[in-house]
$ cat start.txt   # compact mmCIF, C-alpha atoms
# COMPACT_ATOMS: atom_id res chain seq x y z
CA MET A 1 25.60 17.00 24.02
CA THR A 2 25.87 15.64 20.50
CA ASN A 3 29.48 16.68 20.49
CA ASP A 4 30.18 14.30 23.34
CA TRP A 5 28.88 11.32 21.41
CA PRO A 6 31.19 9.52 19.02
CA LEU A 7 30.44 9.40 15.32
CA PHE A 8 29.28 6.23 13.54
CA GLU A 9 29.25 5.67 9.80
CA VAL A 10 25.99 4.18 8.55
CA PHE A 11 25.61 1.59 5.80
CA ILE A 12 22.19 0.57 4.51
CA ARG A 13 21.22 -2.42 2.40
CA SER A 14 18.28 -1.24 0.36
CA ARG A 15 17.09 -4.67 -0.75
CA SER A 16 17.99 -8.28 -0.08
CA GLY A 17 20.78 -9.32 -2.42
CA LEU A 18 22.23 -5.85 -2.78
CA GLU A 19 25.29 -4.65 -0.93
CA HIS A 20 25.29 -2.26 2.00
CA LYS A 21 26.01 1.28 0.86
CA HIS A 22 27.36 4.16 2.86
CA VAL A 23 24.58 6.68 3.42
CA GLY A 24 25.94 9.03 6.04
CA SER A 25 26.75 9.18 9.73
CA VAL A 26 25.11 9.62 13.13
CA HIS A 27 26.24 10.58 16.59
CA ALA A 28 25.48 8.01 19.28
CA ALA A 29 26.67 6.97 22.71
CA ASP A 30 27.02 3.32 21.74
CA ALA A 31 26.48 0.93 18.85
CA ARG A 32 22.93 0.05 19.86
CA MET A 33 21.95 3.70 19.95
CA ALA A 34 23.72 4.19 16.63
CA ILE A 35 21.53 1.51 15.04
CA GLU A 36 18.42 3.19 16.43
CA HIS A 37 19.54 6.61 15.26
CA ALA A 38 20.41 5.26 11.83
CA ARG A 39 17.01 3.62 11.64
CA ASP A 40 15.28 6.84 12.62
CA VAL A 41 17.36 9.13 10.42
CA TYR A 42 18.00 7.04 7.30
CA THR A 43 15.20 4.49 6.94
CA ARG A 44 12.14 6.67 7.50
CA ARG A 45 11.04 6.19 3.89
CA GLN A 46 11.58 2.44 3.58
CA GLU A 47 15.13 2.88 2.34
CA GLY A 48 16.48 -0.29 3.83
CA VAL A 49 16.22 -3.84 5.09
CA SER A 50 19.51 -3.97 6.97
CA ILE A 51 21.78 -1.51 8.76
CA TRP A 52 25.49 -1.60 9.60
CA VAL A 53 27.08 0.97 11.84
CA VAL A 54 30.84 1.33 12.25
CA PRO A 55 32.63 3.68 14.63
CA SER A 56 34.10 6.34 12.38
CA SER A 57 37.31 6.15 14.38
CA ASP A 58 37.74 2.52 13.26
CA ILE A 59 37.89 3.50 9.63
CA THR A 60 41.36 3.89 8.17
CA ALA A 61 41.30 6.25 5.23
CA SER A 62 43.78 6.77 2.46
CA ASP A 63 45.76 9.97 2.58
CA PRO A 64 44.72 12.48 -0.11
CA ALA A 65 48.34 13.61 -0.28
CA GLU A 66 49.24 10.14 -1.50
CA ALA A 67 46.63 10.16 -4.25
CA ASP A 68 49.27 10.47 -6.94
CA SER A 69 51.20 7.42 -5.87
CA LEU A 70 48.06 5.42 -5.11
CA PHE A 71 45.93 6.15 -8.15
CA GLU A 72 48.11 7.70 -10.82
CA PRO A 73 49.78 4.38 -11.85
CA ALA A 74 46.41 2.93 -12.90
CA ARG A 75 45.68 5.75 -15.27
CA ASP A 76 47.72 4.47 -18.23
CA LYS A 77 46.61 0.84 -17.92
CA VAL A 78 43.40 1.10 -19.88
CA TYR A 79 43.83 -2.52 -20.96
CA ARG A 80 42.56 -3.50 -17.54
CA HIS A 81 39.12 -2.48 -18.65
CA PRO A 82 37.48 -5.46 -20.29
CA THR A 83 36.59 -3.40 -23.36
CA PHE A 84 39.20 -5.01 -25.63
CA TYR A 85 37.32 -8.25 -25.98
CA ALA A 86 34.78 -8.81 -28.71
CA ILE A 87 31.62 -10.12 -27.14
CA PRO A 88 29.94 -12.90 -29.09
CA ASP A 89 26.38 -12.05 -30.09
CA GLU A 90 25.13 -15.16 -28.35
CA VAL A 91 26.17 -13.84 -24.96
CA LYS A 92 23.41 -11.88 -23.35
CA ASN A 93 23.22 -10.02 -20.08
CA LEU A 94 26.88 -9.15 -19.91
CA MET B 1 -18.91 19.64 23.63
CA ASN B 2 -20.93 18.38 26.56
CA ALA B 3 -24.12 19.01 24.68
CA SER B 4 -23.03 17.04 21.66
CA ALA B 5 -21.69 14.24 23.79
CA ARG B 6 -25.02 13.95 25.52
CA SER B 7 -26.95 14.01 22.30
CA SER B 8 -24.75 11.26 20.98
CA VAL B 9 -25.59 9.16 24.01
CA GLU B 10 -29.29 9.59 23.59
CA GLY B 11 -29.01 8.10 20.15
CA VAL B 12 -27.56 4.77 21.24
CA PRO B 13 -29.80 2.27 19.46
CA ALA B 14 -32.14 0.22 21.61
CA ALA B 15 -30.42 1.40 24.73
CA THR B 16 -31.86 0.38 28.03
CA GLY B 17 -32.46 3.00 30.66
CA ALA B 18 -29.17 2.59 32.43
CA ASN B 19 -27.42 2.36 29.11
CA ALA B 20 -28.78 5.63 27.88
CA ALA B 21 -27.53 7.20 31.07
CA SER B 22 -24.00 6.05 30.43
CA GLY B 23 -22.50 9.15 28.90
CA VAL B 24 -20.41 7.77 26.07
CA LEU B 25 -17.98 10.55 26.64
CA GLY B 26 -19.78 12.26 29.45
CA VAL B 27 -18.25 13.94 32.44
CA ALA B 28 -19.91 11.50 34.80
CA GLY B 29 -18.25 8.63 33.01
CA GLY B 30 -17.25 6.79 36.15
CA ALA B 31 -20.66 6.42 37.69
CA ALA B 32 -22.38 5.96 34.37
CA CYS B 33 -19.95 3.26 33.47
CA ALA B 34 -20.78 1.31 36.58
CA ALA B 35 -24.44 1.63 35.70
CA ALA B 36 -23.81 0.31 32.22
CA GLY B 37 -21.93 -2.64 33.63
CA GLY B 38 -24.83 -3.49 35.84
CA THR B 39 -27.17 -3.31 32.90
CA GLY B 40 -24.99 -5.59 30.89
CA ALA B 41 -25.06 -8.22 33.58
CA ALA B 42 -28.81 -7.90 33.95
CA ALA B 43 -29.34 -8.09 30.22
CA GLY B 44 -27.19 -11.17 30.12
CA SER B 45 -29.46 -13.04 32.48
CA VAL B 46 -32.52 -11.96 30.53
CA GLY B 47 -30.87 -13.12 27.34
CA ALA B 48 -30.23 -16.51 28.88
CA THR B 49 -33.94 -16.94 29.41
CA GLY B 50 -34.54 -16.14 25.78
CA GLY B 51 -35.83 -12.57 26.01
CA ALA B 52 -35.39 -10.84 22.66
CA ALA B 53 -35.39 -7.41 24.26
CA GLY B 54 -32.67 -8.57 26.62
CA ALA B 55 -30.51 -9.72 23.73
CA THR B 56 -30.87 -6.33 22.04
CA GLY B 57 -30.00 -4.55 25.25
CA GLU B 58 -27.00 -6.78 25.68
CA ALA B 59 -25.80 -6.00 22.17
CA ALA B 60 -26.20 -2.28 22.79
CA ALA B 61 -24.34 -2.54 26.07
CA ARG B 62 -21.57 -4.44 24.35
CA ALA B 63 -21.30 -1.82 21.59
CA GLU B 64 -21.15 0.84 24.27
CA SER B 65 -18.34 -1.00 26.05
CA LEU B 66 -16.47 -1.55 22.79
CA LEU B 67 -16.73 2.15 22.02
CA ARG B 68 -15.32 3.10 25.41
CA TYR B 69 -12.61 0.47 25.10
CA LEU B 70 -11.52 1.74 21.68
CA LEU B 71 -11.50 5.33 22.89
CA ARG B 72 -9.26 4.35 25.81
CA LEU B 73 -6.75 2.73 23.49
CA GLY B 74 -6.97 5.42 20.82
CA ASP B 75 -6.86 8.35 23.24
CA THR B 76 -3.88 6.89 25.11
CA SER B 77 -1.94 6.63 21.85
CA LEU B 78 -3.05 10.07 20.69
CA VAL B 79 -2.22 11.86 23.94
CA LEU B 80 1.13 10.12 24.34
CA GLY B 81 1.96 10.85 20.70
CA GLN B 82 1.13 14.53 21.16
CA ARG B 83 3.33 14.66 24.25
CA LEU B 84 6.28 13.14 22.39
CA GLY B 85 5.68 15.58 19.56
CA GLU B 86 6.34 18.39 22.00
CA TRP B 87 9.99 17.33 22.01
CA VAL B 88 10.45 18.17 18.35
CA GLY B 89 13.04 20.90 18.15
CA HIS B 90 13.95 20.46 21.81
CA ALA B 91 15.44 16.98 22.10
CA PRO B 92 19.03 16.67 23.33
CA ALA B 93 20.31 15.78 19.86
CA LEU B 94 19.07 15.92 16.29
CA GLU B 95 18.99 12.13 16.15
CA GLU B 96 16.81 11.98 19.29
CA ASP B 97 14.56 14.63 17.83
CA LEU B 98 13.86 12.37 14.88
CA GLY B 99 13.65 9.29 17.08
CA LEU B 100 10.99 10.76 19.37
CA ALA B 101 9.08 12.16 16.40
CA ASN B 102 9.06 8.70 14.86
CA LEU B 103 7.54 7.23 18.02
CA ALA B 104 5.02 10.05 18.07
CA LEU B 105 3.98 9.41 14.48
CA ASP B 106 3.57 5.68 15.13
CA LEU B 107 1.31 6.49 18.08
CA VAL B 108 -0.75 9.02 16.17
CA GLY B 109 -1.10 6.45 13.41
CA GLN B 110 -2.47 3.93 15.91
CA ALA B 111 -4.84 6.57 17.24
CA ARG B 112 -6.15 7.24 13.73
CA LEU B 113 -7.05 3.58 13.19
CA LEU B 114 -8.56 3.17 16.64
CA LEU B 115 -10.54 6.41 16.63
CA THR B 116 -11.83 5.78 13.11
CA TYR B 117 -13.10 2.41 14.29
CA ALA B 118 -14.54 4.01 17.43
CA GLY B 119 -16.40 6.53 15.30
CA GLU B 120 -17.92 3.71 13.25
CA VAL B 121 -18.95 1.78 16.35
CA GLU B 122 -20.54 4.92 17.73
CA GLY B 123 -22.43 5.37 14.46
CA LYS B 124 -22.90 9.12 14.79
CA GLY B 125 -20.84 10.06 11.78
CA ARG B 126 -17.85 11.21 13.80
CA ASP B 127 -14.52 10.49 12.13
CA GLU B 128 -11.03 10.39 13.63
CA ASP B 129 -10.65 14.16 13.39
CA ALA B 130 -14.00 14.89 15.00
CA LEU B 131 -13.04 12.64 17.91
CA ALA B 132 -9.51 14.00 18.23
CA PHE B 133 -10.20 17.70 17.89
CA PHE B 134 -13.76 18.26 19.05
CA ARG B 135 -13.90 16.53 22.40
CA ASP B 136 -12.91 18.18 25.65
CA ALA B 137 -10.73 16.69 28.35
CA PRO B 138 -13.53 14.96 30.32
CA GLN B 139 -14.47 13.08 27.17
CA PHE B 140 -10.97 11.75 26.63
CA LEU B 141 -10.49 8.28 28.08
CA ASN B 142 -6.69 7.98 27.94
CA LEU B 143 -4.65 6.57 30.80
CA THR B 144 -3.56 9.30 33.20
CA LEU B 145 0.10 8.41 32.78
CA ALA B 146 -0.01 9.28 29.07
CA GLU B 147 -1.00 12.88 29.71
CA HIS B 148 1.70 13.55 32.30
CA PRO B 149 3.96 16.38 31.11
CA ASN B 150 7.29 15.55 29.53
CA GLY B 151 9.34 16.96 32.39
CA ASP B 152 13.04 16.31 31.88
CA PHE B 153 14.28 13.68 29.45
CA ALA B 154 14.31 11.05 32.21
CA HIS B 155 10.61 11.64 32.93
CA THR B 156 9.79 11.28 29.26
CA ILE B 157 11.78 8.06 28.99
CA VAL B 158 10.35 6.49 32.16
CA ARG B 159 6.79 7.34 31.10
CA GLN B 160 7.59 5.83 27.72
CA VAL B 161 9.07 2.61 29.13
CA LEU B 162 6.06 2.05 31.39
CA LEU B 163 3.56 2.64 28.59
CA ASP B 164 5.56 0.91 25.86
CA ALA B 165 5.71 -2.28 27.94
CA TRP B 166 1.97 -1.95 28.58
CA GLN B 167 1.13 -1.42 24.92
CA LEU B 168 3.48 -4.19 23.88
CA GLU B 169 1.78 -6.81 26.06
CA LEU B 170 -1.68 -5.47 25.35
CA TYR B 171 -1.33 -5.34 21.57
CA GLU B 172 0.29 -8.77 21.60
CA ALA B 173 -2.82 -10.12 23.30
CA LEU B 174 -5.22 -8.00 21.24
CA SER B 175 -3.75 -9.36 18.02
CA LYS B 176 -5.67 -12.53 18.94
CA SER B 177 -8.86 -10.63 19.73
CA ALA B 178 -12.24 -12.04 18.76
CA ASP B 179 -12.83 -8.65 17.16
CA THR B 180 -10.99 -9.13 13.86
CA ARG B 181 -10.74 -5.43 13.08
CA LEU B 182 -9.15 -4.70 16.45
CA ALA B 183 -6.91 -7.75 16.02
CA ALA B 184 -5.63 -6.37 12.70
CA ILE B 185 -4.93 -2.95 14.20
CA ALA B 186 -3.11 -4.58 17.14
CA ALA B 187 -1.07 -6.85 14.86
CA LYS B 188 0.25 -3.76 13.08
CA ALA B 189 0.76 -1.77 16.26
CA VAL B 190 2.61 -4.47 18.17
CA LYS B 191 5.53 -4.25 15.74
CA GLU B 192 5.77 -0.56 16.45
CA SER B 193 5.53 -1.15 20.19
CA ARG B 194 8.40 -3.63 20.08
CA TYR B 195 10.63 -0.95 18.61
CA HIS B 196 9.32 1.69 21.01
CA PHE B 197 10.18 -0.50 23.97
CA ARG B 198 13.60 -1.27 22.56
CA PHE B 199 14.22 2.46 22.13
CA SER B 200 12.90 3.58 25.51
CA SER B 201 14.32 0.70 27.56
CA GLY B 202 17.73 1.25 25.97
CA TRP B 203 17.59 4.84 27.08
CA LEU B 204 16.46 3.95 30.58
CA VAL B 205 19.42 1.61 31.02
CA ARG B 206 21.73 4.30 29.67
CA LEU B 207 20.36 6.87 32.11
CA GLY B 208 19.94 4.59 35.13
CA ASP B 209 23.31 2.93 34.73
CA GLY B 210 24.98 6.14 33.61
CA THR B 211 26.30 9.00 35.69
CA GLU B 212 25.28 9.88 39.22
CA GLU B 213 23.24 12.74 37.80
CA SER B 214 21.40 10.66 35.19
CA HIS B 215 20.78 7.84 37.66
CA GLY B 216 19.32 10.28 40.18
CA ARG B 217 17.02 11.80 37.60
CA ALA B 218 15.89 8.42 36.28
CA GLN B 219 15.15 7.11 39.77
CA GLY B 220 13.37 10.37 40.58
CA ALA B 221 11.18 9.99 37.52
CA VAL B 222 10.39 6.38 38.42
CA ASN B 223 9.44 7.41 41.95
CA ASN B 224 7.28 10.22 40.62
CA LEU B 225 5.44 8.32 37.90
CA TRP B 226 5.01 4.95 39.55
CA ARG B 227 1.75 5.95 41.23
CA PHE B 228 0.07 6.19 37.82
CA THR B 229 0.82 2.56 36.96
CA ASP B 230 -1.97 1.28 39.19
CA GLU B 231 -4.47 2.40 36.58
CA LEU B 232 -2.85 0.31 33.84
CA PHE B 233 -4.09 -2.95 35.31
CA ALA B 234 -7.10 -1.94 37.38
CA PRO B 235 -10.04 -3.46 35.48
CA ASP B 236 -13.47 -1.89 35.51
CA GLU B 237 -16.77 -2.93 33.94
CA VAL B 238 -15.65 -2.10 30.43
CA ASP B 239 -12.47 -4.15 30.71
CA GLU B 240 -14.35 -7.06 32.22
CA GLN B 241 -17.10 -7.03 29.65
CA MET B 242 -14.60 -6.88 26.79
CA ALA B 243 -12.65 -9.74 28.34
CA ALA B 244 -15.81 -11.80 28.83
CA VAL B 245 -16.62 -11.68 25.11
CA GLY B 246 -13.03 -12.35 24.05
CA VAL B 247 -12.39 -8.91 22.61
CA ALA B 248 -9.76 -7.97 25.17
CA PRO B 249 -7.38 -9.91 27.41
CA ARG B 250 -7.87 -9.95 31.15
CA LEU B 251 -5.69 -7.23 32.65
CA ALA B 252 -4.77 -9.57 35.51
CA GLU B 253 -3.09 -11.83 32.94
CA LEU B 254 -1.13 -8.98 31.41
CA GLN B 255 0.20 -7.56 34.62
CA PRO B 256 2.79 -10.26 35.42
CA LEU B 257 4.12 -10.05 31.86
CA TRP B 258 4.44 -6.28 32.11
CA SER B 259 5.93 -6.57 35.55
CA ALA B 260 8.60 -9.02 34.41
CA ARG B 261 9.61 -6.72 31.56
CA ILE B 262 9.83 -3.72 33.83
CA ASP B 263 11.80 -5.63 36.49
CA GLU B 264 14.31 -6.78 33.89
CA VAL B 265 14.89 -3.26 32.57
CA PHE B 266 15.07 -1.78 36.05
CA ARG B 267 17.62 -4.40 37.08
CA GLU B 268 19.81 -3.58 34.14
CA ALA B 269 19.33 0.13 34.74
CA THR B 270 20.15 -0.32 38.46
CA LEU B 271 16.85 1.33 39.39
CA GLN B 272 14.70 0.50 42.38
CA ARG B 273 11.07 -0.41 41.78
CA PRO B 274 8.88 1.55 44.18
CA ALA B 275 6.27 -0.18 46.30
CA SER B 276 2.83 -0.43 44.73
CA VAL B 277 0.68 2.58 45.38
CA ARG B 278 -3.08 2.38 45.31
CA TYR B 279 -4.37 5.62 43.98
CA PRO B 280 -7.67 6.25 42.27
CA TRP B 281 -6.57 7.62 38.90
CA HIS B 282 -9.46 7.64 36.53
CA GLY B 283 -8.12 8.87 33.21
CA LYS B 284 -9.81 6.01 31.43
CA ARG B 285 -13.12 7.10 32.95
CA GLY B 286 -12.66 10.68 31.79
CA VAL B 287 -11.39 12.13 35.06
CA HIS B 288 -8.07 13.78 34.31
CA THR B 289 -5.26 15.80 35.81
CA GLU B 290 -5.22 19.46 34.88
CA TYR B 291 -2.40 18.79 32.41
CA LEU B 292 -4.63 17.24 29.77
CA GLY B 293 -6.76 20.35 29.28
CA HIS B 294 -3.71 22.50 28.63
CA MET B 295 -2.35 19.97 26.19
CA LEU B 296 -5.64 19.71 24.29
CA THR B 297 -5.94 23.49 24.09
CA GLU B 298 -2.78 23.53 22.04
CA MET B 299 -3.49 20.36 20.08
CA GLN B 300 -7.02 21.38 19.13
CA HIS B 301 -6.47 25.11 18.67
CA LEU B 302 -6.31 25.13 14.90
CA GLN B 303 -9.32 22.91 14.26
CA ARG B 304 -11.38 24.78 16.83
CA THR B 305 -10.46 28.12 15.28
CA TYR B 306 -10.86 27.01 11.67
CA PRO B 307 -13.10 23.94 11.76
CA GLY B 308 -12.41 21.53 8.92
CA ALA B 309 -9.22 23.35 7.92
CA GLN B 310 -6.93 21.29 5.71
CA TRP B 311 -3.47 21.88 4.37

$ encode --input "start.txt" --output "structure tokens"
Amino acid sequence: MTNDWPLFEVFIRSRSGLEHKHVGSVHAADARMAIEHARDVYTRRQEGVSIWVVPSSDITASDPAEADSLFEPARDKVYRHPTFYAIPDEVKNL
Amino acid sequence: MNASARSSVEGVPAATGANAASGVLGVAGGAACAAAGGTGAAAGSVGATGGAAGATGEAAARAESLLRYLLRLGDTSLVLGQRLGEWVGHAPALEEDLGLANLALDLVGQARLLLTYAGEVEGKGRDEDALAFFRDAPQFLNLTLAEHPNGDFAHTIVRQVLLDAWQLELYEALSKSADTRLAAIAAKAVKESRYHFRFSSGWLVRLGDGTEESHGRAQGAVNNLWRFTDELFAPDEVDEQMAAVGVAPRLAELQPLWSARIDEVFREATLQRPASVRYPWHGKRGVHTEYLGHMLTEMQHLQRTYPGAQW
């Protein structure tokens, strides 16, 4: 029966102020059931304070075959990392 | 267990004659309960005239009623939780397996708090485990509906909807109980019940408003289980005494709330509510269907075979 139910991706916010993180997926007949399943499967040990579910079919993914053209160009642009700036001693918590 | 149940009754402090006869967990719970109710009323009138002995008798009768009341709540949660636990490994999907197990664990958790309190009220040194594993079916005071077998998934869901709505309204009211310990337990439990009802009512709508097959099974389960709902709101002496002292709500006040919830879910699920059926189910007086004994045999097997076993 599970195979008849569509797949939903589950995102959990572990604490207020933090972002939702992808934790896995559940099968469910509808979004409401997906929330309940996500609650039962992924928040049994107080892992979260908020749940998002998204139909997996609504997610557009990048094509692994295009990885070279998508990600390769960034490889030689190390100057985009903010490690070239001297940080004044007075600045804390950066 | 009959022997120990009787001995526990004999020890009720300062019990009046009729009170001593009221088997706390005895087989003849129904008749004994009526006797205890009568005693309570009689003691009340004596107390009004200032009789010290009457006041003591009244207190004992009230403790007796509280004990029975707590056992009814605790046993209903325990038995329903055990039933749901039977689905583990058999539910239609892994996610449902976990979902039903979660409900079961919530219910067993409620039972632990309620039975622990019951054991303290009884004052015979029985803890939650002694009450759960070393009483026989006639000493369980759960609602009959809770012990009904799982049947197909529709039966499980309908039983759950009916009892979730009942627990939801009851715990809501009990969270304002004059008994602060019971109020605290109810305040915790009502949050669980809200989720349980959300879960089970969602499923009932899905089944009832689903395919021809699922609708037929859901309606069949409703038709089959409806006769047990009469017991949910049929007050007896224990309910009335607990309501009179502000420990419990009046069942007559809960029924319309429960009814409205059920009607709303049934409407959405396109299910027909059967006509009311008067039927003398007496689970909460210790008179059970044969199903409970079979269930307890399995549930209690390990502790009966190896008493006190831990792991």

$ interface_residues --input "start.txt" --of "chain B" --to "chain A" --cutoff "12 Å" --atoms "all atoms listed in the file" --output "ChimeraX atom specification"
/B:91-103,105-106,195-207,210

$ atom_distance --input "start.txt" --atom1 "atom CA of Gly308 of chain B" --atom2 "atom CA of Leu114 of chain B"
20.3 Å

$ closest_residue --input "start.txt" --among "A:Asp4, A:Asp68, A:Glu19, A:Glu9" --to "Ile35 of chain A" --atoms "all atoms listed in the file"
A:Glu9

$ closest_residue --input "start.txt" --among "A:His20, A:Pro6, A:Val91, A:Phe84" --to "Ser50 of chain A" --atoms "all atoms listed in the file"
A:His20

$ residues_around --input "start.txt" --residues "segment 145-147 of chain B" --least-positions-apart "6" --cutoff "9 Å" --atoms "all atoms listed in the file" --output "number ranges by chain"
B: 76-83, 159-160, 162-163, 225, 227-229, 231-232, 283, 288-289, 291-292, 295

$ write_last_selection --input "start.txt" --atoms "C-alpha atoms" --output "PDB file, in the frame of the given file"
ATOM      1  CA  THR B  76      -3.880   6.890  25.110  1.00  0.00           C
ATOM      2  CA  SER B  77      -1.940   6.630  21.850  1.00  0.00           C
ATOM      3  CA  LEU B  78      -3.050  10.070  20.690  1.00  0.00           C
ATOM      4  CA  VAL B  79      -2.220  11.860  23.940  1.00  0.00           C
ATOM      5  CA  LEU B  80       1.130  10.120  24.340  1.00  0.00           C
ATOM      6  CA  GLY B  81       1.960  10.850  20.700  1.00  0.00           C
ATOM      7  CA  GLN B  82       1.130  14.530  21.160  1.00  0.00           C
ATOM      8  CA  ARG B  83       3.330  14.660  24.250  1.00  0.00           C
ATOM      9  CA  ARG B 159       6.790   7.340  31.100  1.00  0.00           C
ATOM     10  CA  GLN B 160       7.590   5.830  27.720  1.00  0.00           C
ATOM     11  CA  LEU B 162       6.060   2.050  31.390  1.00  0.00           C
ATOM     12  CA  LEU B 163       3.560   2.640  28.590  1.00  0.00           C
ATOM     13  CA  LEU B 225       5.440   8.320  37.900  1.00  0.00           C
ATOM     14  CA  ARG B 227       1.750   5.950  41.230  1.00  0.00           C
ATOM     15  CA  PHE B 228       0.070   6.190  37.820  1.00  0.00           C
ATOM     16  CA  THR B 229       0.820   2.560  36.960  1.00  0.00           C
ATOM     17  CA  GLU B 231      -4.470   2.400  36.580  1.00  0.00           C
ATOM     18  CA  LEU B 232      -2.850   0.310  33.840  1.00  0.00           C
ATOM     19  CA  GLY B 283      -8.120   8.870  33.210  1.00  0.00           C
ATOM     20  CA  HIS B 288      -8.070  13.780  34.310  1.00  0.00           C
ATOM     21  CA  THR B 289      -5.260  15.800  35.810  1.00  0.00           C
ATOM     22  CA  TYR B 291      -2.400  18.790  32.410  1.00  0.00           C
ATOM     23  CA  LEU B 292      -4.630  17.240  29.770  1.00  0.00           C
ATOM     24  CA  MET B 295      -2.350  19.970  26.190  1.00  0.00           C
TER      25      MET B 295
END

$ atom_distance --input "start.txt" --atom1 "atom CA of Leu84 of chain B" --atom2 "atom CA of His148 of chain B"
10.9 Å

$ atom_distance --input "start.txt" --atom1 "atom CA of His90 of chain B" --atom2 "atom CA of Ala154 of chain B"
14.0 Å

$ residues_around --input "start.txt" --residues "His22 of chain A" --least-positions-apart "2" --cutoff "12 Å" --atoms "all atoms listed in the file" --output "PyMOL selection string"
chain A and resi 8-14+19-20+24-26+38+42+48+51-54+56

$ build_atoms --input "start.txt" --residues "segment 227-244 of chain B" --atoms "N, CA and C atoms" --output "PDB file, in the coordinates of the input"
ATOM      1  N   ARG B 227       3.114   5.960  40.691  1.00  0.00           N
ATOM      2  CA  ARG B 227       1.750   5.950  41.230  1.00  0.00           C
ATOM      3  C   ARG B 227       0.694   5.866  40.131  1.00  0.00           C
ATOM      4  N   PHE B 228       1.059   6.245  38.905  1.00  0.00           N
ATOM      5  CA  PHE B 228       0.070   6.190  37.820  1.00  0.00           C
ATOM      6  C   PHE B 228      -0.061   4.788  37.223  1.00  0.00           C
ATOM      7  N   THR B 229       0.851   3.881  37.591  1.00  0.00           N
ATOM      8  CA  THR B 229       0.820   2.560  36.960  1.00  0.00           C
ATOM      9  C   THR B 229      -0.318   1.695  37.474  1.00  0.00           C
ATOM     10  N   ASP B 230      -0.847   2.050  38.633  1.00  0.00           N
ATOM     11  CA  ASP B 230      -1.970   1.280  39.190  1.00  0.00           C
ATOM     12  C   ASP B 230      -3.131   1.221  38.205  1.00  0.00           C
ATOM     13  N   GLU B 231      -3.322   2.332  37.495  1.00  0.00           N
ATOM     14  CA  GLU B 231      -4.470   2.400  36.580  1.00  0.00           C
ATOM     15  C   GLU B 231      -4.317   1.465  35.380  1.00  0.00           C
ATOM     16  N   LEU B 232      -3.084   1.134  35.026  1.00  0.00           N
ATOM     17  CA  LEU B 232      -2.850   0.310  33.840  1.00  0.00           C
ATOM     18  C   LEU B 232      -3.518  -1.052  33.936  1.00  0.00           C
ATOM     19  N   PHE B 233      -3.595  -1.565  35.159  1.00  0.00           N
ATOM     20  CA  PHE B 233      -4.090  -2.950  35.310  1.00  0.00           C
ATOM     21  C   PHE B 233      -5.294  -3.048  36.240  1.00  0.00           C
ATOM     22  N   ALA B 234      -5.913  -1.913  36.533  1.00  0.00           N
ATOM     23  CA  ALA B 234      -7.100  -1.940  37.380  1.00  0.00           C
ATOM     24  C   ALA B 234      -8.333  -2.074  36.475  1.00  0.00           C
ATOM     25  N   PRO B 235      -8.916  -3.270  36.400  1.00  0.00           N
ATOM     26  CA  PRO B 235     -10.040  -3.460  35.480  1.00  0.00           C
ATOM     27  C   PRO B 235     -11.327  -2.841  36.013  1.00  0.00           C
ATOM     28  N   ASP B 236     -12.127  -2.336  35.118  1.00  0.00           N
ATOM     29  CA  ASP B 236     -13.470  -1.890  35.510  1.00  0.00           C
ATOM     30  C   ASP B 236     -14.477  -2.655  34.644  1.00  0.00           C
ATOM     31  N   GLU B 237     -15.713  -2.196  34.632  1.00  0.00           N
ATOM     32  CA  GLU B 237     -16.770  -2.930  33.940  1.00  0.00           C
ATOM     33  C   GLU B 237     -16.479  -3.091  32.451  1.00  0.00           C
ATOM     34  N   VAL B 238     -15.938  -2.040  31.868  1.00  0.00           N
ATOM     35  CA  VAL B 238     -15.650  -2.100  30.430  1.00  0.00           C
ATOM     36  C   VAL B 238     -14.611  -3.174  30.137  1.00  0.00           C
ATOM     37  N   ASP B 239     -13.527  -3.151  30.904  1.00  0.00           N
ATOM     38  CA  ASP B 239     -12.470  -4.150  30.710  1.00  0.00           C
ATOM     39  C   ASP B 239     -13.026  -5.559  30.897  1.00  0.00           C
ATOM     40  N   GLU B 240     -13.836  -5.722  31.925  1.00  0.00           N
ATOM     41  CA  GLU B 240     -14.350  -7.060  32.220  1.00  0.00           C
ATOM     42  C   GLU B 240     -15.317  -7.539  31.156  1.00  0.00           C
ATOM     43  N   GLN B 241     -16.155  -6.616  30.688  1.00  0.00           N
ATOM     44  CA  GLN B 241     -17.100  -7.030  29.650  1.00  0.00           C
ATOM     45  C   GLN B 241     -16.368  -7.384  28.356  1.00  0.00           C
ATOM     46  N   MET B 242     -15.363  -6.603  28.008  1.00  0.00           N
ATOM     47  CA  MET B 242     -14.600  -6.880  26.790  1.00  0.00           C
ATOM     48  C   MET B 242     -13.838  -8.206  26.918  1.00  0.00           C
ATOM     49  N   ALA B 243     -13.354  -8.475  28.128  1.00  0.00           N
ATOM     50  CA  ALA B 243     -12.650  -9.740  28.340  1.00  0.00           C
ATOM     51  C   ALA B 243     -13.618 -10.917  28.269  1.00  0.00           C
ATOM     52  N   ALA B 244     -14.823 -10.711  28.793  1.00  0.00           N
ATOM     53  CA  ALA B 244     -15.810 -11.800  28.830  1.00  0.00           C
ATOM     54  C   ALA B 244     -16.218 -12.247  27.432  1.00  0.00           C
TER      55      ALA B 244
END
